[in-house]
$ cat start17.txt   # compact mmCIF, C-alpha atoms and all ligand atoms
# COMPACT_ATOMS: atom_id res chain seq x y z
CA MET A 1188 162.26 82.69 124.56
CA SER A 1189 158.99 83.43 122.78
CA SER A 1190 157.94 87.09 122.72
CA SER A 1191 155.01 86.30 125.04
CA ASP A 1192 157.42 85.22 127.83
CA ARG A 1193 159.28 88.51 127.84
CA HIS A 1194 159.40 90.76 130.89
CA LEU A 1195 157.54 94.06 131.04
CA ALA A 1196 160.76 96.08 130.73
CA THR A 1197 161.61 94.24 127.50
CA ILE A 1198 158.10 94.56 126.04
CA CYS A 1199 158.22 98.30 126.76
CA ALA A 1200 161.73 98.90 125.41
CA HIS A 1201 160.58 97.38 122.10
CA ALA A 1202 157.01 98.73 122.20
CA GLY A 1203 155.51 98.79 118.72
CA THR A 1204 158.71 97.84 116.91
CA PRO A 1205 158.71 94.89 114.50
CA GLY A 1206 159.84 91.49 115.83
CA LYS A 1207 162.74 89.65 114.16
CA GLU A 1208 160.34 87.56 112.07
CA SER A 1209 158.59 90.59 110.56
CA ARG A 1210 161.65 92.85 110.23
CA ALA A 1211 162.07 93.33 106.50
CA GLY A 1212 165.43 94.26 104.91
CA ASN A 1213 165.48 98.01 105.21
CA ALA A 1214 162.26 98.67 107.16
CA PRO A 1215 162.11 101.50 109.74
CA PHE A 1216 162.64 100.17 113.26
CA ILE A 1217 160.33 102.76 114.79
CA PRO A 1218 156.82 102.31 113.39
CA PRO A 1219 155.57 105.04 111.09
CA ILE A 1220 152.59 107.19 112.05
CA VAL A 1221 149.97 106.02 109.58
CA GLN A 1222 148.01 109.27 109.78
CA THR A 1223 145.23 108.65 107.28
CA THR A 1224 141.46 108.54 107.29
CA LEU A 1225 141.13 105.99 104.51
CA PHE A 1226 142.94 103.21 102.67
CA ASP A 1227 142.89 102.36 98.97
CA LEU A 1228 140.55 99.39 98.55
CA GLY A 1229 142.29 98.10 95.38
CA THR A 1230 140.22 96.14 92.90
CA THR A 1231 136.55 95.39 93.50
CA ALA A 1232 137.57 91.79 94.22
CA ASP A 1233 140.10 93.01 96.86
CA ALA A 1234 137.43 95.27 98.37
CA GLU A 1235 134.99 92.37 98.55
CA ALA A 1236 137.57 90.17 100.31
CA LEU A 1237 138.45 92.98 102.76
CA PHE A 1238 134.86 93.79 103.73
CA ALA A 1239 133.90 90.12 103.94
CA GLY A 1240 136.83 89.61 106.33
CA ARG A 1241 138.49 87.02 104.07
CA GLN A 1242 141.54 89.23 103.65
CA PRO A 1243 143.22 91.17 106.48
CA GLY A 1244 143.69 94.87 105.87
CA TYR A 1245 142.39 98.34 106.48
CA THR A 1246 139.54 100.38 105.05
CA TYR A 1247 138.89 103.33 107.37
CA THR A 1248 140.84 104.40 110.48
CA ARG A 1249 137.88 104.26 112.89
CA PHE A 1250 137.59 100.52 111.99
CA GLY A 1251 141.32 99.84 112.27
CA ASN A 1252 144.73 101.42 111.70
CA PRO A 1253 148.22 99.85 111.73
CA THR A 1254 149.70 102.28 114.30
CA VAL A 1255 146.71 101.85 116.61
CA GLU A 1256 146.89 98.05 116.28
CA ARG A 1257 150.55 98.00 117.28
CA LEU A 1258 149.64 99.90 120.43
CA ALA A 1259 146.78 97.48 121.18
CA GLU A 1260 149.16 94.51 120.96
CA VAL A 1261 151.59 96.09 123.44
CA LEU A 1262 148.86 96.99 125.94
CA ALA A 1263 147.37 93.49 125.81
CA GLN A 1264 150.84 92.07 126.52
CA LEU A 1265 151.46 94.46 129.44
CA GLU A 1266 148.29 93.29 131.20
CA ALA A 1267 148.66 89.67 129.99
CA GLY A 1268 145.26 89.89 128.29
CA ALA A 1269 144.12 88.29 125.03
CA GLY A 1270 143.16 91.54 123.27
CA ALA A 1271 142.95 95.32 123.68
CA LEU A 1272 140.95 98.15 122.13
CA ILE A 1273 142.24 101.71 122.13
CA THR A 1274 140.00 104.68 122.91
CA ALA A 1275 140.22 108.46 122.79
CA SER A 1276 140.11 108.77 126.61
CA GLY A 1277 139.85 106.79 129.82
CA ASN A 1278 136.17 107.67 130.02
CA ALA A 1279 135.62 106.34 126.47
CA ALA A 1280 137.30 103.10 127.60
CA ALA A 1281 134.94 102.77 130.58
CA LEU A 1282 131.92 103.46 128.34
CA CYS A 1283 133.07 100.83 125.86
CA ALA A 1284 133.90 98.19 128.51
CA LEU A 1285 130.59 98.73 130.34
CA THR A 1286 128.65 98.50 127.08
CA ALA A 1287 130.55 95.36 126.03
CA ALA A 1288 130.02 93.70 129.42
CA LEU A 1289 126.28 94.39 129.68
CA ARG A 1290 124.00 91.49 128.71
CA GLY A 1291 121.32 93.71 127.17
CA LYS A 1292 118.58 92.51 129.53
CA ASP A 1293 118.03 92.55 133.32
CA ASP A 1294 121.28 94.43 133.68
CA ARG A 1295 122.54 95.97 136.89
CA ILE A 1296 125.89 97.70 137.30
CA VAL A 1297 127.49 97.67 140.76
CA THR A 1298 130.29 100.01 141.77
CA HIS A 1299 131.62 101.89 144.82
CA PRO A 1300 131.52 105.61 145.71
CA ASP A 1301 135.28 106.24 145.42
CA VAL A 1302 135.78 105.31 141.77
CA TYR A 1303 137.04 108.16 139.57
CA GLY A 1304 134.60 111.12 139.56
CA GLY A 1305 134.26 111.06 135.75
CA THR A 1306 133.27 107.38 135.95
CA LEU A 1307 130.48 108.23 138.41
CA GLU A 1308 129.26 110.97 136.06
CA LEU A 1309 129.31 108.49 133.16
CA LEU A 1310 127.31 106.01 135.27
CA ARG A 1311 124.73 108.72 135.98
CA ILE A 1312 124.15 108.86 132.18
CA PHE A 1313 123.62 105.08 132.21
CA THR A 1314 120.90 105.42 134.87
CA GLU A 1315 119.23 108.62 133.74
CA ARG A 1316 119.36 108.23 129.95
CA TYR A 1317 119.81 104.52 129.26
CA ARG A 1318 117.74 103.34 132.26
CA VAL A 1319 120.37 100.84 133.35
CA PRO A 1320 120.22 100.49 137.16
CA VAL A 1321 123.49 101.37 138.90
CA GLU A 1322 124.10 100.54 142.57
CA ILE A 1323 126.83 102.51 144.31
CA VAL A 1324 127.73 100.71 147.55
CA ASP A 1325 130.57 101.26 150.04
CA PRO A 1326 132.59 97.97 150.15
CA ALA A 1327 133.35 98.67 153.84
CA ARG A 1328 129.65 97.89 154.49
CA THR A 1329 130.38 94.23 153.84
CA VAL A 1330 126.84 92.83 154.06
CA GLU A 1331 125.39 95.44 151.65
CA TRP A 1332 128.37 95.11 149.29
CA HIS A 1333 128.08 91.33 149.08
CA ALA A 1334 124.32 91.58 148.52
CA ALA A 1335 124.88 94.08 145.69
CA LEU A 1336 127.50 91.84 144.08
CA ALA A 1337 125.05 88.93 144.17
CA ARG A 1338 122.54 91.01 142.12
CA ALA A 1339 125.09 92.40 139.64
CA SER A 1340 125.57 91.72 135.94
CA VAL A 1341 128.58 94.05 135.71
CA VAL A 1342 130.89 95.07 138.56
CA LEU A 1343 133.20 98.05 138.08
CA ILE A 1344 135.90 98.68 140.68
CA GLU A 1345 139.00 100.78 141.16
CA THR A 1346 141.83 99.81 143.51
CA PRO A 1347 143.66 101.70 144.93
CA SER A 1348 140.90 104.29 145.01
CA ASN A 1349 141.45 107.97 144.59
CA PRO A 1350 142.11 110.16 146.60
CA LEU A 1351 142.03 107.98 149.77
CA LEU A 1352 144.01 105.02 148.37
CA ARG A 1353 141.65 102.38 149.75
CA LEU A 1354 142.15 98.85 148.45
CA LEU A 1355 139.54 96.36 147.30
CA ASP A 1356 140.20 92.62 147.33
CA LEU A 1357 140.45 91.71 143.62
CA ALA A 1358 140.29 87.93 144.01
CA ALA A 1359 137.35 87.97 146.44
CA THR A 1360 135.41 90.47 144.31
CA ALA A 1361 136.02 88.45 141.13
CA GLU A 1362 134.82 85.30 142.87
CA ARG A 1363 131.56 86.89 144.07
CA ALA A 1364 130.94 88.64 140.73
CA HIS A 1365 131.42 85.37 138.84
CA ALA A 1366 129.17 83.45 141.24
CA ALA A 1367 126.42 85.93 140.26
CA GLY A 1368 127.22 85.47 136.56
CA ALA A 1369 128.61 89.03 136.40
CA GLN A 1370 131.72 90.33 134.69
CA LEU A 1371 134.34 92.25 136.65
CA ILE A 1372 135.85 95.42 135.15
CA VAL A 1373 138.90 96.83 136.98
CA ASP A 1374 140.13 100.39 136.41
CA ASN A 1375 143.89 99.83 136.76
CA THR A 1376 144.94 103.42 135.96
CA VAL A 1377 146.35 104.26 139.40
CA ALA A 1378 148.09 100.94 140.09
CA THR A 1379 149.31 100.36 136.50
CA PRO A 1380 150.24 96.89 135.16
CA TYR A 1381 153.68 97.40 136.70
CA ASN A 1382 152.29 97.29 140.24
CA GLN A 1383 149.13 95.20 139.88
CA GLN A 1384 147.92 92.57 137.41
CA PRO A 1385 144.13 92.25 137.85
CA PHE A 1386 143.78 89.31 135.40
CA GLN A 1387 145.84 87.17 137.80
CA PHE A 1388 143.03 87.64 140.32
CA GLY A 1389 140.17 86.86 137.95
CA ALA A 1390 139.16 90.23 136.44
CA ASP A 1391 137.42 89.97 133.04
CA TRP A 1392 138.19 93.47 131.73
CA ILE A 1393 140.80 96.09 132.58
CA VAL A 1394 140.32 99.73 131.67
CA HIS A 1395 142.90 102.51 131.71
CA SER A 1396 143.19 106.19 131.29
CA ALA A 1397 146.38 106.15 129.21
CA SER A 1398 146.51 109.92 129.81
CA LYS A 1399 148.21 109.03 133.12
CA TYR A 1400 151.12 106.60 133.75
CA LEU A 1401 150.93 104.60 130.51
CA ASN A 1402 151.69 107.62 128.33
CA GLY A 1403 153.41 109.33 131.22
CA HIS A 1404 154.31 112.61 129.54
CA SER A 1405 151.16 114.69 130.26
CA ASP A 1406 150.80 115.54 126.58
CA MET A 1407 147.77 113.57 125.34
CA ILE A 1408 144.41 112.05 126.31
CA GLY A 1409 143.78 108.38 125.61
CA GLY A 1410 142.52 105.13 127.04
CA CYS A 1411 142.20 101.41 126.48
CA LEU A 1412 140.19 98.37 127.48
CA ILE A 1413 141.76 94.95 127.67
CA ARG A 1414 140.02 91.58 127.88
CA ARG A 1415 141.36 88.46 129.59
CA ALA A 1416 139.63 86.22 127.01
CA PRO A 1417 139.80 86.94 123.27
CA LEU A 1418 137.73 89.88 121.98
CA THR A 1419 134.68 88.91 119.95
CA ALA A 1420 133.37 90.48 116.72
CA THR A 1421 130.59 92.04 118.83
CA HIS A 1422 133.14 93.77 121.09
CA ARG A 1423 134.90 95.21 118.03
CA THR A 1424 131.58 96.37 116.56
CA ILE A 1425 130.66 98.13 119.83
CA HIS A 1426 134.09 99.81 119.96
CA LYS A 1427 134.02 101.16 116.42
CA ASN A 1428 130.39 102.29 116.58
CA LEU A 1429 130.59 104.05 119.96
CA GLY A 1430 133.13 106.08 118.03
CA GLY A 1431 135.63 107.02 120.73
CA THR A 1432 138.57 105.64 118.76
CA VAL A 1433 142.00 107.29 118.36
CA ASN A 1434 144.03 108.70 115.53
CA ALA A 1435 147.40 107.26 114.61
CA LEU A 1436 149.25 110.30 115.95
CA ASP A 1437 147.91 109.88 119.49
CA ALA A 1438 148.48 106.11 119.32
CA TRP A 1439 152.08 106.75 118.28
CA LEU A 1440 152.56 109.16 121.20
CA MET A 1441 151.29 106.44 123.57
CA LEU A 1442 153.71 103.92 122.05
CA ARG A 1443 156.53 106.44 122.45
CA GLY A 1444 155.55 107.02 126.09
CA LEU A 1445 155.33 103.28 126.81
CA ARG A 1446 158.94 102.68 125.83
CA THR A 1447 160.04 104.25 129.14
CA PHE A 1448 157.07 102.97 131.18
CA THR A 1449 158.94 100.53 133.45
CA LEU A 1450 161.80 102.98 134.05
CA ARG A 1451 159.33 105.67 135.02
CA MET A 1452 157.42 103.29 137.30
CA GLU A 1453 160.62 102.29 139.14
CA ALA A 1454 161.31 105.97 139.80
CA HIS A 1455 157.66 106.66 140.75
CA ASN A 1456 157.60 103.70 143.17
CA HIS A 1457 160.86 104.81 144.78
CA ASN A 1458 159.85 108.46 145.18
CA GLY A 1459 156.25 107.64 146.18
CA ALA A 1460 157.32 105.37 149.05
CA ALA A 1461 160.00 107.78 150.23
CA VAL A 1462 157.72 110.85 150.16
CA ALA A 1463 154.94 108.94 151.99
CA ASP A 1464 157.37 107.86 154.69
CA TRP A 1465 158.81 111.39 155.02
CA LEU A 1466 155.33 112.92 155.35
CA THR A 1467 154.36 110.53 158.18
CA ARG A 1468 157.20 112.05 160.21
CA HIS A 1469 156.38 115.72 159.44
CA PRO A 1470 154.82 117.68 162.36
CA ALA A 1471 152.45 119.64 160.04
CA VAL A 1472 150.91 116.42 158.69
CA SER A 1473 148.20 114.60 160.66
CA HIS A 1474 147.60 111.60 158.37
CA VAL A 1475 149.08 110.02 155.24
CA HIS A 1476 147.14 107.72 152.88
CA TYR A 1477 149.50 105.49 150.88
CA PRO A 1478 149.00 101.76 150.20
CA GLY A 1479 152.71 100.93 150.62
CA LEU A 1480 152.94 102.22 154.20
CA PRO A 1481 153.19 99.47 156.84
CA THR A 1482 150.53 101.41 158.78
CA HIS A 1483 148.00 101.27 155.91
CA PRO A 1484 144.88 99.57 157.35
CA GLN A 1485 144.95 97.03 154.48
CA ALA A 1486 148.69 96.26 154.52
CA ALA A 1487 148.05 92.49 154.22
CA LEU A 1488 145.84 92.95 151.15
CA PHE A 1489 148.47 95.28 149.69
CA ARG A 1490 151.09 92.53 149.91
CA GLN A 1491 148.65 90.02 148.41
CA GLN A 1492 147.83 91.95 145.24
CA MET A 1493 150.30 94.80 144.69
CA ARG A 1494 153.98 94.75 143.88
CA ALA A 1495 154.65 98.33 145.08
CA GLY A 1496 152.71 101.32 146.34
CA GLY A 1497 153.06 103.57 143.30
CA ALA A 1498 153.27 107.34 143.46
CA LEU A 1499 149.76 108.59 144.24
CA LEU A 1500 149.18 109.54 147.86
CA SER A 1501 147.17 111.99 149.94
CA PHE A 1502 147.69 113.61 153.31
CA GLU A 1503 145.78 115.65 155.87
CA LEU A 1504 147.26 118.76 157.44
CA HIS A 1505 146.76 120.16 160.93
CA GLY A 1506 145.03 123.50 160.37
CA GLY A 1507 142.21 122.56 158.02
CA ALA A 1508 141.41 123.95 154.58
CA ASP A 1509 143.47 127.12 155.20
CA ALA A 1510 146.63 125.10 155.81
CA ALA A 1511 146.03 123.08 152.62
CA CYS A 1512 145.51 126.27 150.57
CA ARG A 1513 148.67 127.86 152.02
CA PHE A 1514 150.59 124.72 151.08
CA LEU A 1515 149.28 124.82 147.47
CA ASP A 1516 150.05 128.53 147.16
CA ARG A 1517 153.64 127.99 148.32
CA ILE A 1518 154.78 125.00 146.29
CA GLN A 1519 157.41 125.96 143.71
CA LEU A 1520 158.60 122.79 141.95
CA ILE A 1521 155.41 120.78 142.51
CA VAL A 1522 152.66 121.98 140.17
CA HIS A 1523 149.17 122.84 141.43
CA ALA A 1524 147.20 120.87 138.82
CA VAL A 1525 144.75 118.00 138.36
CA SER A 1526 145.65 114.69 136.68
CA LEU A 1527 148.39 112.28 137.75
CA GLY A 1528 150.99 109.93 136.40
CA GLY A 1529 153.31 112.37 134.63
CA MET A 1530 157.00 112.80 135.39
CA GLU A 1531 156.28 116.12 137.12
CA SER A 1532 154.97 116.16 140.71
CA LEU A 1533 151.40 117.51 140.99
CA ALA A 1534 149.27 118.53 143.95
CA THR A 1535 145.56 119.36 144.34
CA ARG A 1536 142.98 119.76 147.07
CA PRO A 1537 140.18 117.27 146.24
CA ALA A 1538 137.62 119.35 148.21
CA ALA A 1539 138.19 122.21 145.74
CA THR A 1540 138.63 120.14 142.56
CA SER A 1541 137.55 116.53 142.01
CA HIS A 1542 135.11 116.42 144.95
CA ARG A 1543 133.78 120.00 144.97
CA GLY A 1544 130.33 118.67 144.00
CA LEU A 1545 129.97 117.15 147.50
CA THR A 1546 129.07 119.13 150.63
CA ALA A 1547 131.62 119.33 153.48
CA THR A 1548 129.43 116.87 155.43
CA GLN A 1549 129.34 114.39 152.52
CA ARG A 1550 133.10 114.64 152.15
CA GLN A 1551 133.56 114.12 155.89
CA ALA A 1552 131.31 111.03 155.68
CA ALA A 1553 133.49 109.73 152.84
CA GLY A 1554 136.55 110.12 155.09
CA MET A 1555 137.88 113.14 153.25
CA GLY A 1556 138.78 116.19 155.34
CA ASP A 1557 138.93 119.69 153.86
CA SER A 1558 142.67 119.78 154.59
CA LEU A 1559 143.28 116.75 152.36
CA VAL A 1560 145.98 117.28 149.71
CA ARG A 1561 146.49 114.77 146.91
CA LEU A 1562 150.00 114.38 145.59
CA SER A 1563 151.05 112.66 142.36
CA VAL A 1564 154.75 112.16 143.02
CA GLY A 1565 156.87 112.62 139.91
CA THR A 1566 160.24 111.31 138.88
CA GLU A 1567 162.28 114.39 139.88
CA ALA A 1568 165.23 113.94 142.26
CA LEU A 1569 163.75 112.93 145.62
CA GLU A 1570 165.79 115.57 147.46
CA ASP A 1571 164.30 118.36 145.31
CA ILE A 1572 160.73 117.11 145.95
CA LEU A 1573 161.37 116.94 149.72
CA THR A 1574 162.98 120.41 149.74
CA ASP A 1575 159.88 121.86 148.06
CA LEU A 1576 157.52 120.01 150.41
CA GLU A 1577 159.52 121.21 153.45
CA GLN A 1578 159.48 124.89 152.44
CA ALA A 1579 155.76 124.74 151.58
CA LEU A 1580 154.80 122.99 154.84
CA ARG A 1581 156.90 125.16 157.12
C1 LIG B 1 141.85 110.14 134.66
C2 LIG B 1 141.15 108.91 135.05
C3 LIG B 1 140.10 108.38 134.28
C4 LIG B 1 139.55 109.10 133.06
O1 LIG B 1 140.51 109.18 132.07
P1 LIG B 1 140.50 110.30 130.91
O2 LIG B 1 141.66 109.93 130.07
O3 LIG B 1 140.64 111.62 131.59
O4 LIG B 1 139.19 110.19 130.21
C5 LIG B 1 139.53 107.18 134.66
N1 LIG B 1 139.95 106.52 135.76
C6 LIG B 1 140.95 107.00 136.53
C7 LIG B 1 141.37 106.23 137.73
C8 LIG B 1 141.58 108.21 136.21
O5 LIG B 1 142.55 108.67 136.99
$ encode --input "start17.txt" --output "structure tokens" --more "lines below"
Ligand SMILES: *Cc1c(COP(=O)(O)O)cnc(C)c1O
Amino acid sequence: MSSSDRHLATICAHAGTPGKESRAGNAPFIPPIVQTTLFDLGTTADAEALFAGRQPGYTYTRFGNPTVERLAEVLAQLEAGAGALITASGNAAALCALTAALRGKDDRIVTHPDVYGGTLELLRIFTERYRVPVEIVDPARTVEWHAALARASVVLIETPSNPLLRLLDLAATAERAHAAGAQLIVDNTVATPYNQQPFQFGADWIVHSASKYLNGHSDMIGGCLIRRAPLTATHRTIHKNLGGTVNALDAWLMLRGLRTFTLRMEAHNHNGAAVADWLTRHPAVSHVHYPGLPTHPQAALFRQQMRAGGALLSFELHGGADAACRFLDRIQLIVHAVSLGGMESLATRPAATSHRGLTATQRQAAGMGDSLVRLSVGTEALEDILTDLEQALR
């Protein structure tokens, strides 16, 4: 079995550790944290060979670092891509992928209104400061969406979306984007490579906030971009000069978190599906949004492109905003906090946090009631999560 044929659980269990072929006599099994700004260049002849690219090696950590490179190899393997670049945040990954995918002339970015809020704010900088046109179109308006895709040079999508867990057809979107000569970037943060593999459906780039499920321990901020085809020298130049690279310590924390990634995802998938099902039967709850529910309006698409529903869901309560606030004030085990993807269950009210910039009418138009609660289901014992939900909903 070559290391590229290994299963995700195996890749994760050995994340960053040396393979048999490179395991020297008494080398540490767990990779060291190479926490340094600079590297000794050696002789002037060595320095010349390094800078000319004739000799592999390191000069300065923003250009490359052994700990960071180990992490990049693991992330590329997890998504079955040819190469990965690590960034200081998910937003830095989106900035880098968008910049790498733009052609530099006659560019037009197409996306949809329910991508991550920070991504929309980043795109506003593209329009207002860089003068790159950005079209934000609701994919449910099929005719407009298809017309926008036909004009695009870069398409950025997120599926499932957040907080309403809507799905977008990856294969169909890739096909239309490619017909227009555009590249497709998929934010796979919510689904994770455990539950969805966008390269199988034709995506060109995948971006992640590693601050969520990939690291999984809610103790760092990081991101990555992964390319289906090999990275070019231009992509690497863009990455290092945009400057949102990571230090070895954060890269090491991500590697440490990844070692339990598949175990955590099994637990998240189990708890997420069970909590979603339980909520559909609760009298205080009027609607549950979760891609793995058989009643999800896109259940067929779910089966086509996702392996499991994950652990992010949202639900509407009878009783409006007041009921949602009472729920958040009563939860004991579940933490009232933003973010997602950690082992601890988290709850927020999007109308008061991620979507507070919209008016109640705009939120209503987007399908988001003021009683909507978003839940990131953790890996605690299911019974303890349900007990807390029950006492807070009562
Ligand atoms: C959190 C998040 C981001 C941004 O990631 P940061 O690490 O906070 O910069 C991007 N996309 C999605 C889907 C996210 O949840």
$ atom_distance --input "start17.txt" --atom1 "CA of Gly1389 (chain A)" --atom2 "CA of Arg1423 (chain A)"
22.2 Å
$ closest_atom_pairs --input "start17.txt" --of "chain A" --to "ligand LIG 1 (chain B)" --cutoff "6 Å" --atoms "all atoms listed in the file" --output "CSV"
residue,atom,partner,partner_atom,distance
A:Ser1276,CA,B:LIG1,O2,4.0
A:Gly1277,CA,B:LIG1,O1,3.3
A:Asn1278,CA,B:LIG1,O4,3.9
A:Tyr1303,CA,B:LIG1,N1,5.1
A:Thr1376,CA,B:LIG1,C7,4.9
A:Val1377,CA,B:LIG1,C7,5.6
A:Ser1396,CA,B:LIG1,O1,4.1
A:Ser1398,CA,B:LIG1,O2,4.9
A:Ile1408,CA,B:LIG1,O2,5.1
A:Gly1409,CA,B:LIG1,O2,5.2
A:Gly1410,CA,B:LIG1,O2,5.7
$ residues_near_point --input "start17.txt" --point "(139.6, 97.6, 99.4)" --cutoff "10 Å" --atoms "all atoms listed in the file" --output "PyMOL selection string"
chain A and resi 1225-1238+1242+1244-1247
$ closest_residue --input "start17.txt" --among "A:Ile1220, A:Val1342, A:Leu1352, A:Val1261" --to "Gln1485 (chain A)" --atoms "only C-alpha atoms"
A:Leu1352
$ closest_atom_pairs --input "start17.txt" --of "region 1435-1467 of chain A" --to "region 1524-1530 of chain A" --cutoff "12 Å" --atoms "all atoms listed in the file" --output "tab-separated table"
residue	atom	partner	partner_atom	distance
A:Gly1444	CA	A:Gly1529	CA	10.3
A:Thr1447	CA	A:Met1530	CA	11.0
A:Phe1448	CA	A:Gly1528	CA	10.6
A:Leu1450	CA	A:Met1530	CA	11.0
A:Arg1451	CA	A:Met1530	CA	7.5
A:Met1452	CA	A:Gly1528	CA	9.3
A:Glu1453	CA	A:Met1530	CA	11.7
A:Ala1454	CA	A:Met1530	CA	9.2
A:His1455	CA	A:Met1530	CA	8.2
A:Asn1456	CA	A:Gly1528	CA	11.3
A:Asn1458	CA	A:Met1530	CA	11.1
A:Gly1459	CA	A:Gly1528	CA	11.3
$ axis_aligned_box --input "start17.txt" --around "region 1213-1232 of chain A" --padding-each-side "8 Å" --output "JSON"
{"center_x": 151.0, "center_y": 100.5, "center_z": 103.8, "size_x": 44.9, "size_y": 33.5, "size_z": 37.9}
$ residues_around --input "start17.txt" --residues "Arg1443 (chain A)" --least-positions-apart "2" --cutoff "12 Å" --atoms "all atoms listed in the file" --output "PyMOL selection string"
chain A and resi 1199-1204+1217-1220+1254+1257-1258+1261+1401-1404+1406-1407+1436-1441+1445-1448
$ residues_around --input "start17.txt" --residues "region 1511-1523 of chain A" --least-positions-apart "5" --cutoff "9 Å" --atoms "only C-alpha atoms" --output "PDB file with C-alpha atoms, in the coordinates of the input"
ATOM      1  CA  GLU A1503     145.780 115.650 155.870  1.00  0.00           C
ATOM      2  CA  LEU A1504     147.260 118.760 157.440  1.00  0.00           C
ATOM      3  CA  HIS A1505     146.760 120.160 160.930  1.00  0.00           C
ATOM      4  CA  GLY A1506     145.030 123.500 160.370  1.00  0.00           C
ATOM      5  CA  GLU A1531     156.280 116.120 137.120  1.00  0.00           C
ATOM      6  CA  SER A1532     154.970 116.160 140.710  1.00  0.00           C
ATOM      7  CA  LEU A1533     151.400 117.510 140.990  1.00  0.00           C
ATOM      8  CA  ALA A1534     149.270 118.530 143.950  1.00  0.00           C
ATOM      9  CA  THR A1535     145.560 119.360 144.340  1.00  0.00           C
ATOM     10  CA  ARG A1536     142.980 119.760 147.070  1.00  0.00           C
ATOM     11  CA  ASP A1557     138.930 119.690 153.860  1.00  0.00           C
ATOM     12  CA  SER A1558     142.670 119.780 154.590  1.00  0.00           C
ATOM     13  CA  LEU A1559     143.280 116.750 152.360  1.00  0.00           C
ATOM     14  CA  VAL A1560     145.980 117.280 149.710  1.00  0.00           C
ATOM     15  CA  LEU A1562     150.000 114.380 145.590  1.00  0.00           C
ATOM     16  CA  VAL A1564     154.750 112.160 143.020  1.00  0.00           C
ATOM     17  CA  GLY A1565     156.870 112.620 139.910  1.00  0.00           C
ATOM     18  CA  ASP A1571     164.300 118.360 145.310  1.00  0.00           C
ATOM     19  CA  ILE A1572     160.730 117.110 145.950  1.00  0.00           C
ATOM     20  CA  ASP A1575     159.880 121.860 148.060  1.00  0.00           C
ATOM     21  CA  LEU A1576     157.520 120.010 150.410  1.00  0.00           C
ATOM     22  CA  GLN A1578     159.480 124.890 152.440  1.00  0.00           C
ATOM     23  CA  ALA A1579     155.760 124.740 151.580  1.00  0.00           C
ATOM     24  CA  LEU A1580     154.800 122.990 154.840  1.00  0.00           C
ATOM     25  CA  ARG A1581     156.900 125.160 157.120  1.00  0.00           C
TER      26      ARG A1581
END
$ closest_residue --input "start17.txt" --among "A:Arg1468, A:Arg1328, A:His1457, A:Arg1550" --to "Leu1569 (chain A)" --atoms "all atoms listed in the file"
A:His1457
$ atom_distance --input "start17.txt" --atom1 "CA of His1333 (chain A)" --atom2 "CA of Ile1393 (chain A)"
21.4 Å
$ atom_distance --input "start17.txt" --atom1 "CA of Ala1358 (chain A)" --atom2 "CA of Ala1461 (chain A)"
28.7 Å
$ residues_near_point --input "start17.txt" --point "(134.8, 107.6, 116.3)" --cutoff "9 Å" --atoms "all atoms listed in the file" --output "list in words"
Thr1248, Arg1249, Phe1250, Thr1274, Ala1275, His1426, Lys1427, Asn1428, Leu1429, Gly1430, Gly1431, Thr1432 and Val1433 of chain A
$ closest_atom_pairs --input "start17.txt" --of "region 1354-1433 of chain A" --to "region 1266-1271 of chain A" --cutoff "10 Å" --atoms "all atoms listed in the file" --output "Markdown table"
| residue | atom | partner | partner_atom | distance |
| --- | --- | --- | --- | --- |
| A:Asn1375 | CA | A:Glu1266 | CA | 9.6 |
| A:Thr1379 | CA | A:Glu1266 | CA | 8.9 |
| A:Pro1380 | CA | A:Glu1266 | CA | 5.7 |
| A:Tyr1381 | CA | A:Glu1266 | CA | 8.7 |
| A:Gln1383 | CA | A:Glu1266 | CA | 8.9 |
| A:Gln1384 | CA | A:Glu1266 | CA | 6.3 |
| A:Pro1385 | CA | A:Glu1266 | CA | 7.9 |
| A:Phe1386 | CA | A:Gly1268 | CA | 7.3 |
| A:Gln1387 | CA | A:Ala1267 | CA | 8.7 |
| A:Asp1391 | CA | A:Gly1268 | CA | 9.2 |
| A:Trp1392 | CA | A:Gly1268 | CA | 8.6 |
| A:Ile1393 | CA | A:Glu1266 | CA | 8.1 |
| A:Val1394 | CA | A:Ala1271 | CA | 9.5 |
| A:Cys1411 | CA | A:Ala1271 | CA | 6.7 |
| A:Leu1412 | CA | A:Ala1271 | CA | 5.6 |
| A:Ile1413 | CA | A:Ala1271 | CA | 4.2 |
| A:Arg1414 | CA | A:Gly1268 | CA | 5.5 |
| A:Arg1415 | CA | A:Gly1268 | CA | 4.4 |
| A:Ala1416 | CA | A:Ala1269 | CA | 5.3 |
| A:Pro1417 | CA | A:Ala1269 | CA | 4.9 |
| A:Leu1418 | CA | A:Gly1270 | CA | 5.8 |
| A:Thr1419 | CA | A:Gly1270 | CA | 9.5 |
| A:Arg1423 | CA | A:Ala1271 | CA | 9.8 |
$ closest_residue --input "start17.txt" --among "A:Arg1543, A:Arg1363, A:Arg1316, A:His1469" --to "Ala1334 (chain A)" --atoms "only C-alpha atoms"
A:Arg1363
$ residues_around --input "start17.txt" --residues "Arg1490 (chain A)" --least-positions-apart "4" --cutoff "12 Å" --atoms "all atoms listed in the file" --output "list in words"
Leu1354, Asp1356, Asn1382, Gln1383, Pro1478, Gly1479, Leu1480, Pro1481, His1483, Pro1484, Gln1485, Ala1486, Arg1494, Ala1495 and Gly1496 of chain A
$ closest_residue --input "start17.txt" --among "A:Ala1471, A:Ala1510, A:Ala1498, A:Leu1289" --to "Asn1349 (chain A)" --atoms "only C-alpha atoms"
A:Ala1498
